[in-house]
>>> print(open('my_file36.txt').read())   # compact mmCIF, C-alpha atoms
# COMPACT_ATOMS: atom_id res chain seq x y z
CA MET I 3 -25.90 3.77 141.45
CA ASP I 4 -24.25 4.67 144.74
CA ASN I 5 -27.33 3.56 146.68
CA MET I 6 -27.70 0.19 144.93
CA PRO I 7 -27.41 -2.84 147.24
CA ASP I 8 -25.82 -4.76 144.36
CA GLY I 9 -22.25 -4.12 143.35
CA LEU I 10 -21.53 -2.31 140.09
CA ILE I 11 -18.36 -2.43 137.99
CA VAL I 12 -17.86 -0.63 134.68
CA THR I 13 -14.84 -1.33 132.49
CA ASN I 14 -13.69 0.15 129.22
CA LEU I 15 -12.88 -1.89 126.11
CA LYS I 16 -9.40 -2.67 127.50
CA GLY I 17 -10.79 -4.12 130.74
CA THR I 18 -9.75 -1.14 132.85
CA ILE I 19 -12.17 -0.31 135.67
CA THR I 20 -13.71 3.11 135.11
CA ARG I 21 -16.44 3.11 137.74
CA VAL I 22 -17.47 1.23 140.88
CA ASN I 23 -20.13 1.86 143.50
CA PRO I 24 -19.79 1.63 147.32
CA ALA I 25 -21.31 -1.88 147.41
CA ILE I 26 -18.38 -3.24 145.39
CA THR I 27 -15.79 -1.85 147.82
CA LYS I 28 -17.57 -3.69 150.64
CA MET I 29 -17.94 -6.92 148.68
CA PHE I 30 -14.22 -7.11 147.88
CA ASP I 31 -13.05 -5.23 150.96
CA ARG I 32 -11.02 -2.89 148.76
CA PRO I 33 -11.05 0.93 148.83
CA ARG I 34 -12.33 2.74 145.78
CA GLU I 35 -8.90 4.13 144.86
CA ASP I 36 -7.47 0.58 144.71
CA LEU I 37 -9.96 -0.35 141.99
CA LEU I 38 -10.41 2.66 139.73
CA GLU I 39 -8.21 2.86 136.64
CA LYS I 40 -6.82 -0.62 137.37
CA ASP I 41 -6.98 -3.69 135.14
CA CYS I 42 -9.78 -5.85 136.55
CA GLN I 43 -7.54 -8.91 136.20
CA GLU I 44 -5.07 -7.45 138.68
CA VAL I 45 -7.43 -6.33 141.46
CA LEU I 46 -10.56 -8.53 141.27
CA ASP I 47 -11.58 -12.17 141.07
CA SER I 48 -10.23 -13.91 137.95
CA LYS I 49 -13.78 -14.81 136.91
CA ILE I 50 -14.53 -11.10 136.50
CA HIS I 51 -11.72 -10.91 133.95
CA GLU I 52 -13.15 -13.99 132.20
CA LEU I 53 -16.55 -12.33 131.98
CA VAL I 54 -15.04 -9.21 130.45
CA ASN I 55 -13.27 -11.31 127.81
CA LYS I 56 -16.45 -13.22 127.02
CA ILE I 57 -18.35 -9.98 126.55
CA LYS I 58 -15.64 -8.70 124.21
CA GLY I 59 -16.03 -11.82 122.09
CA SER I 60 -19.84 -11.77 122.09
CA PRO I 61 -21.12 -8.26 122.86
CA THR I 62 -24.74 -9.20 122.07
CA GLU I 63 -24.87 -11.90 124.73
CA GLY I 64 -25.05 -11.77 128.53
CA PHE I 65 -22.89 -13.92 130.81
CA THR I 66 -23.06 -14.94 134.47
CA ALA I 67 -20.65 -16.47 136.94
CA GLU I 68 -20.32 -17.21 140.64
CA ILE I 69 -17.40 -15.37 142.20
CA ASP I 70 -15.65 -15.32 145.56
CA LEU I 71 -16.18 -12.24 147.72
CA SER I 72 -14.50 -11.23 150.97
CA ASP I 73 -15.34 -12.93 154.28
CA ASP I 74 -16.06 -16.24 152.48
CA HIS I 75 -19.12 -14.80 150.77
CA THR I 76 -20.29 -15.78 147.31
CA GLY I 77 -21.58 -13.44 144.63
CA LYS I 78 -23.41 -13.87 141.35
CA ALA I 79 -22.07 -11.65 138.60
CA VAL I 80 -24.09 -10.69 135.52
CA ALA I 81 -22.17 -9.04 132.70
CA SER I 82 -23.37 -7.24 129.58
CA ALA I 83 -21.79 -5.06 126.94
CA ILE I 84 -21.87 -1.28 126.59
CA VAL I 85 -22.30 -0.51 122.89
CA ARG I 86 -22.83 2.58 120.77
CA ASP I 87 -25.65 1.03 118.77
CA LYS I 88 -27.41 -2.24 119.64
CA LEU I 89 -28.27 -2.77 115.98
CA GLN I 90 -24.67 -2.65 114.82
CA ASP I 91 -22.19 -5.51 114.99
CA SER I 92 -18.74 -4.06 114.40
CA ASP I 93 -15.47 -3.96 116.31
CA ASP I 94 -15.66 -0.22 117.00
CA ASN I 95 -19.23 -0.52 118.36
CA PHE I 96 -18.06 -2.09 121.64
CA LEU I 97 -17.27 0.44 124.39
CA GLY I 98 -16.92 -1.65 127.53
CA THR I 99 -18.61 -3.89 130.05
CA VAL I 100 -20.99 -3.36 132.93
CA ILE I 101 -21.11 -6.02 135.65
CA LEU I 102 -23.69 -6.30 138.43
CA ILE I 103 -22.83 -8.48 141.44
CA ARG I 104 -25.29 -9.72 144.03
CA ASP I 105 -24.29 -11.39 147.30
CA ILE I 106 -26.01 -14.79 147.23
CA THR I 107 -24.33 -16.29 150.30
CA THR I 108 -27.57 -16.52 152.29
CA GLU I 109 -29.50 -17.95 149.34
CA LYS I 110 -26.89 -20.66 148.79
CA GLU I 111 -26.87 -21.58 152.47
CA VAL I 112 -30.67 -21.82 152.56
CA ASP I 113 -30.62 -23.91 149.39
CA ARG I 114 -28.03 -26.26 150.89
CA MET I 115 -30.08 -26.61 154.08
CA LYS I 116 -33.19 -27.35 152.01
CA THR I 117 -31.39 -30.06 150.06
CA ASP I 118 -29.97 -31.62 153.24
CA PHE I 119 -33.41 -31.55 154.88
CA ILE I 120 -35.13 -33.19 151.92
CA SER I 121 -32.43 -35.85 151.75
CA MET I 122 -32.71 -36.60 155.48
CA VAL I 123 -36.52 -36.76 155.45
CA SER I 124 -36.50 -38.97 152.35
CA HIS I 125 -34.14 -41.44 153.99
CA GLU I 126 -36.24 -41.47 157.17
CA LEU I 127 -39.40 -42.13 155.15
CA ARG I 128 -37.83 -44.91 153.12
CA THR I 129 -36.79 -46.93 156.17
CA PRO I 130 -40.30 -47.64 157.56
CA LEU I 131 -41.76 -47.80 154.05
CA THR I 132 -39.43 -50.67 153.21
CA SER I 133 -40.91 -52.64 156.12
CA VAL I 134 -44.49 -51.74 155.15
CA VAL I 135 -44.03 -52.82 151.54
CA GLY I 136 -42.08 -55.93 152.53
CA TYR I 137 -44.74 -57.17 154.95
CA ALA I 138 -47.52 -56.26 152.50
CA LYS I 139 -45.87 -58.46 149.87
CA LEU I 140 -45.48 -61.30 152.40
CA ILE I 141 -49.16 -61.05 153.35
CA ASP I 142 -50.18 -60.99 149.70
CA LYS I 143 -48.08 -64.08 149.01
CA GLU I 144 -49.41 -66.03 152.01
CA LEU I 145 -53.00 -65.13 151.18
CA LYS I 146 -52.67 -66.29 147.58
CA ASN I 147 -50.63 -69.44 148.30
CA THR I 148 -52.14 -70.62 151.59
CA ILE I 149 -55.27 -68.85 152.83
CA PHE I 150 -57.30 -68.38 149.64
CA PRO I 151 -56.90 -72.00 148.41
CA GLN I 152 -58.35 -73.14 151.75
CA SER I 153 -61.26 -70.75 151.36
CA GLU I 154 -62.62 -72.07 148.08
CA THR I 155 -66.40 -72.17 148.29
CA ASN I 156 -69.48 -71.51 146.25
CA ASP I 157 -70.74 -68.98 148.77
CA PRO I 158 -71.00 -65.75 146.74
CA LYS I 159 -70.34 -63.56 149.79
CA ILE I 160 -67.11 -65.38 150.62
CA LYS I 161 -65.98 -65.37 146.99
CA LYS I 162 -66.68 -61.65 146.77
CA ALA I 163 -64.76 -61.03 150.01
CA VAL I 164 -61.77 -63.03 148.74
CA GLU I 165 -61.69 -61.08 145.49
CA GLN I 166 -61.94 -57.82 147.44
CA VAL I 167 -59.04 -58.77 149.71
CA LYS I 168 -56.95 -59.76 146.68
CA ALA I 169 -57.64 -56.39 145.06
CA ASN I 170 -56.93 -54.47 148.27
CA THR I 171 -53.60 -56.17 148.95
CA SER I 172 -52.56 -55.61 145.33
CA VAL I 173 -53.30 -51.90 145.71
CA ILE I 174 -51.28 -51.72 148.95
CA VAL I 175 -48.29 -53.37 147.28
CA SER I 176 -48.48 -51.30 144.06
CA GLU I 177 -48.97 -48.01 145.91
CA GLY I 178 -46.13 -48.87 148.29
CA ASP I 179 -43.86 -49.47 145.31
CA ARG I 180 -45.02 -46.20 143.76
CA LEU I 181 -44.31 -44.29 146.97
CA THR I 182 -40.85 -45.84 147.15
CA SER I 183 -40.22 -44.67 143.59
CA LEU I 184 -41.40 -41.15 144.46
CA ILE I 185 -39.09 -41.00 147.48
CA ASN I 186 -36.19 -42.12 145.31
CA ASP I 187 -37.06 -39.31 142.91
CA VAL I 188 -36.92 -36.81 145.78
CA LEU I 189 -33.47 -38.09 146.68
CA ASP I 190 -32.39 -37.18 143.14
CA ILE I 191 -33.06 -33.49 143.78
CA ALA I 192 -29.37 -32.87 144.38
CA LYS I 193 -28.63 -34.27 140.91
CA MET I 194 -31.31 -32.04 139.42
CA GLU I 195 -29.87 -28.92 141.05
CA ALA I 196 -26.40 -29.85 139.84
CA GLY I 197 -27.71 -30.33 136.30
CA LYS I 198 -26.69 -33.99 136.30
CA MET I 199 -30.15 -35.52 136.11
CA THR I 200 -30.66 -37.89 133.19
CA TRP I 201 -34.20 -38.04 131.81
CA GLU I 202 -35.44 -41.26 130.29
CA SER I 203 -38.44 -41.47 127.95
CA GLU I 204 -40.45 -44.64 127.54
CA SER I 205 -43.87 -45.73 126.31
CA VAL I 206 -46.66 -46.34 128.83
CA SER I 207 -50.03 -48.05 128.65
CA ILE I 208 -52.81 -45.50 129.18
CA GLU I 209 -55.16 -48.35 130.13
CA GLU I 210 -52.83 -49.43 132.93
CA VAL I 211 -52.47 -45.85 134.18
CA VAL I 212 -56.26 -45.36 134.26
CA ASP I 213 -56.89 -48.77 135.87
CA SER I 214 -54.29 -48.05 138.55
CA ALA I 215 -55.80 -44.64 139.31
CA ILE I 216 -59.32 -46.11 139.56
CA ALA I 217 -58.16 -48.97 141.81
CA THR I 218 -56.40 -46.53 144.14
CA VAL I 219 -59.48 -44.39 144.75
>>> encode(input="my_file36.txt", output="structure tokens")
Amino acid sequence: MDNMPDGLIVTNLKGTITRVNPAITKMFDRPREDLLEKDCQEVLDSKIHELVNKIKGSPTEGFTAEIDLSDDHTGKAVASAIVRDKLQDSDDNFLGTVILIRDITTEKEVDRMKTDFISMVSHELRTPLTSVVGYAKLIDKELKNTIFPQSETNDPKIKKAVEQVKANTSVIVSEGDRLTSLINDVLDIAKMEAGKMTWESESVSIEEVVDSAIATV
């Protein structure tokens, strides 16, 4: 326990700290003697006290929380109950709480940088894509309204070429719209990570999906 990189806190059923390891003293910048035999509410982050109370109320469950450490670091605490018998569910079965704390400051910073990078790249991609899709739609409109009507002929080669161009421009426009939608989805990654993403379910035509896939390739 003393050599663990993660912090360890053990409390009794009253919430009094009965054991800590050296990692905890570094995480909270408190000497061992300032923690032992003290009420965790008095000497540690308030969320630690909340975890202890949650464990008391539901000894069979595990609870987690993000807590503030010294030097503006952030830790992830995982709490579980110490019980006499895991198969029993009585008031006198609960003995205390054990809490493991891991410093996740670096992980959170990397995650934030990743989210910022994805957001920046997505915005940069969307700007030129808007022009590409916009001009593709203009070309498609001019071809259908102006060029193709002037190219009406019975020549099978020309008719085949016209149909091919129509199909190609339609694919460019539809795939451009699809790429725009995908980029917008990437921009929603922050919502996903915050648990605020709303999923919507709707019916789709399998024939349209297959036709679109075939036309693309």
>>> residues_around(input="my_file36.txt", residues="stretch 57-63 of chain I", least_positions_apart="5", cutoff="9 Å", atoms="only C-alpha atoms", output="VMD selection string")
chain I and resid 15 52 81 to 85 88 91 96 98 to 99
>>> residues_around(input="my_file36.txt", residues="I:Ser48", least_positions_apart="4", cutoff="12 Å", atoms="all atoms listed in the file", output="PyMOL selection string")
chain I and resi 41-44+52-55+67-71
>>> axis_aligned_box(input="my_file36.txt", around="stretch 11-23 of chain I", padding_each_side="5 Å", output="JSON")
{"center_x": -14.8, "center_y": -0.5, "center_z": 134.8, "size_x": 20.7, "size_y": 17.2, "size_z": 27.4}
>>> residues_around(input="my_file36.txt", residues="I:Leu38", least_positions_apart="3", cutoff="12 Å", atoms="all atoms listed in the file", output="count of residues only")
22
>>> closest_residue(input="my_file36.txt", among="I:Gly178, I:Glu165, I:Ser172, I:Ile149", to="I:Pro130", atoms="all atoms listed in the file")
I:Gly178
>>> closest_residue(input="my_file36.txt", among="I:His51, I:Lys161, I:Ser121, I:Lys168", to="I:Ile141", atoms="only C-alpha atoms")
I:Lys168
>>> closest_residue(input="my_file36.txt", among="I:Asp31, I:Asp118, I:Asp36, I:Asp94", to="I:His75", atoms="all atoms listed in the file")
I:Asp31
>>> atom_distance(input="my_file36.txt", atom1="atom CA of I:Lys28", atom2="atom CA of I:Leu10")
11.4 Å
>>> closest_residue(input="my_file36.txt", among="I:Asp8, I:Asp190, I:Glu209, I:Glu202", to="I:Ile101", atoms="all atoms listed in the file")
I:Asp8
>>> atom_distance(input="my_file36.txt", atom1="atom CA of I:Thr107", atom2="atom CA of I:Lys78")
9.3 Å
>>> closest_residue(input="my_file36.txt", among="I:Ser183, I:Met6, I:Met29, I:Val100", to="I:Ser124", atoms="all atoms listed in the file")
I:Ser183
>>> closest_residue(input="my_file36.txt", among="I:Val135, I:Arg86, I:Glu177, I:Pro7", to="I:Ile103", atoms="only C-alpha atoms")
I:Pro7
>>> residues_around(input="my_file36.txt", residues="stretch 210-216 of chain I", least_positions_apart="5", cutoff="12 Å", atoms="only C-alpha atoms", output="mmCIF file with C-alpha atoms, in the coordinates of the input")
data_model
loop_
_atom_site.group_PDB
_atom_site.id
_atom_site.type_symbol
_atom_site.label_atom_id
_atom_site.label_comp_id
_atom_site.auth_asym_id
_atom_site.auth_seq_id
_atom_site.Cartn_x
_atom_site.Cartn_y
_atom_site.Cartn_z
ATOM 1 C CA ALA I 169 -57.640 -56.390 145.060
ATOM 2 C CA ASN I 170 -56.930 -54.470 148.270
ATOM 3 C CA SER I 172 -52.560 -55.610 145.330
ATOM 4 C CA VAL I 173 -53.300 -51.900 145.710
ATOM 5 C CA ILE I 174 -51.280 -51.720 148.950
ATOM 6 C CA VAL I 175 -48.290 -53.370 147.280
ATOM 7 C CA SER I 176 -48.480 -51.300 144.060
ATOM 8 C CA GLU I 177 -48.970 -48.010 145.910
ATOM 9 C CA ARG I 180 -45.020 -46.200 143.760
ATOM 10 C CA SER I 205 -43.870 -45.730 126.310
#
>>> atom_distance(input="my_file36.txt", atom1="atom CA of I:Arg104", atom2="atom CA of I:Thr66")
11.1 Å
>>> decode(input="my_file36.txt", residues="stretch 91-112 of chain I", atoms="C-alpha atoms", output="short mmCIF file (atom, residue, chain, number, x, y, z; two decimals), in the first residue's frame")
data_model
loop_
_atom_site.label_atom_id
_atom_site.label_comp_id
_atom_site.auth_asym_id
_atom_site.auth_seq_id
_atom_site.Cartn_x
_atom_site.Cartn_y
_atom_site.Cartn_z
CA ASP I 91 -27.10 -6.80 4.39
CA SER I 92 -27.40 -5.53 7.95
CA ASP I 93 -26.44 -2.36 9.80
CA ASP I 94 -23.70 -4.05 11.85
CA ASN I 95 -22.13 -5.57 8.71
CA PHE I 96 -20.63 -2.24 7.60
CA LEU I 97 -17.14 -1.54 8.98
CA GLY I 98 -15.90 1.44 6.99
CA THR I 99 -14.87 2.79 3.62
CA VAL I 100 -11.82 2.45 1.43
CA ILE I 101 -11.16 5.18 -1.13
CA LEU I 102 -8.62 5.06 -3.96
CA ILE I 103 -7.63 8.36 -5.60
CA ARG I 104 -5.82 8.71 -8.91
CA ASP I 105 -4.36 11.98 -10.20
CA ILE I 106 -6.04 12.54 -13.57
CA THR I 107 -4.77 16.07 -14.21
CA THR I 108 -2.71 15.07 -17.25
CA GLU I 109 -5.52 12.93 -18.69
CA LYS I 110 -8.00 15.79 -18.39
CA GLU I 111 -5.61 18.23 -20.03
CA VAL I 112 -4.95 15.84 -22.92
#
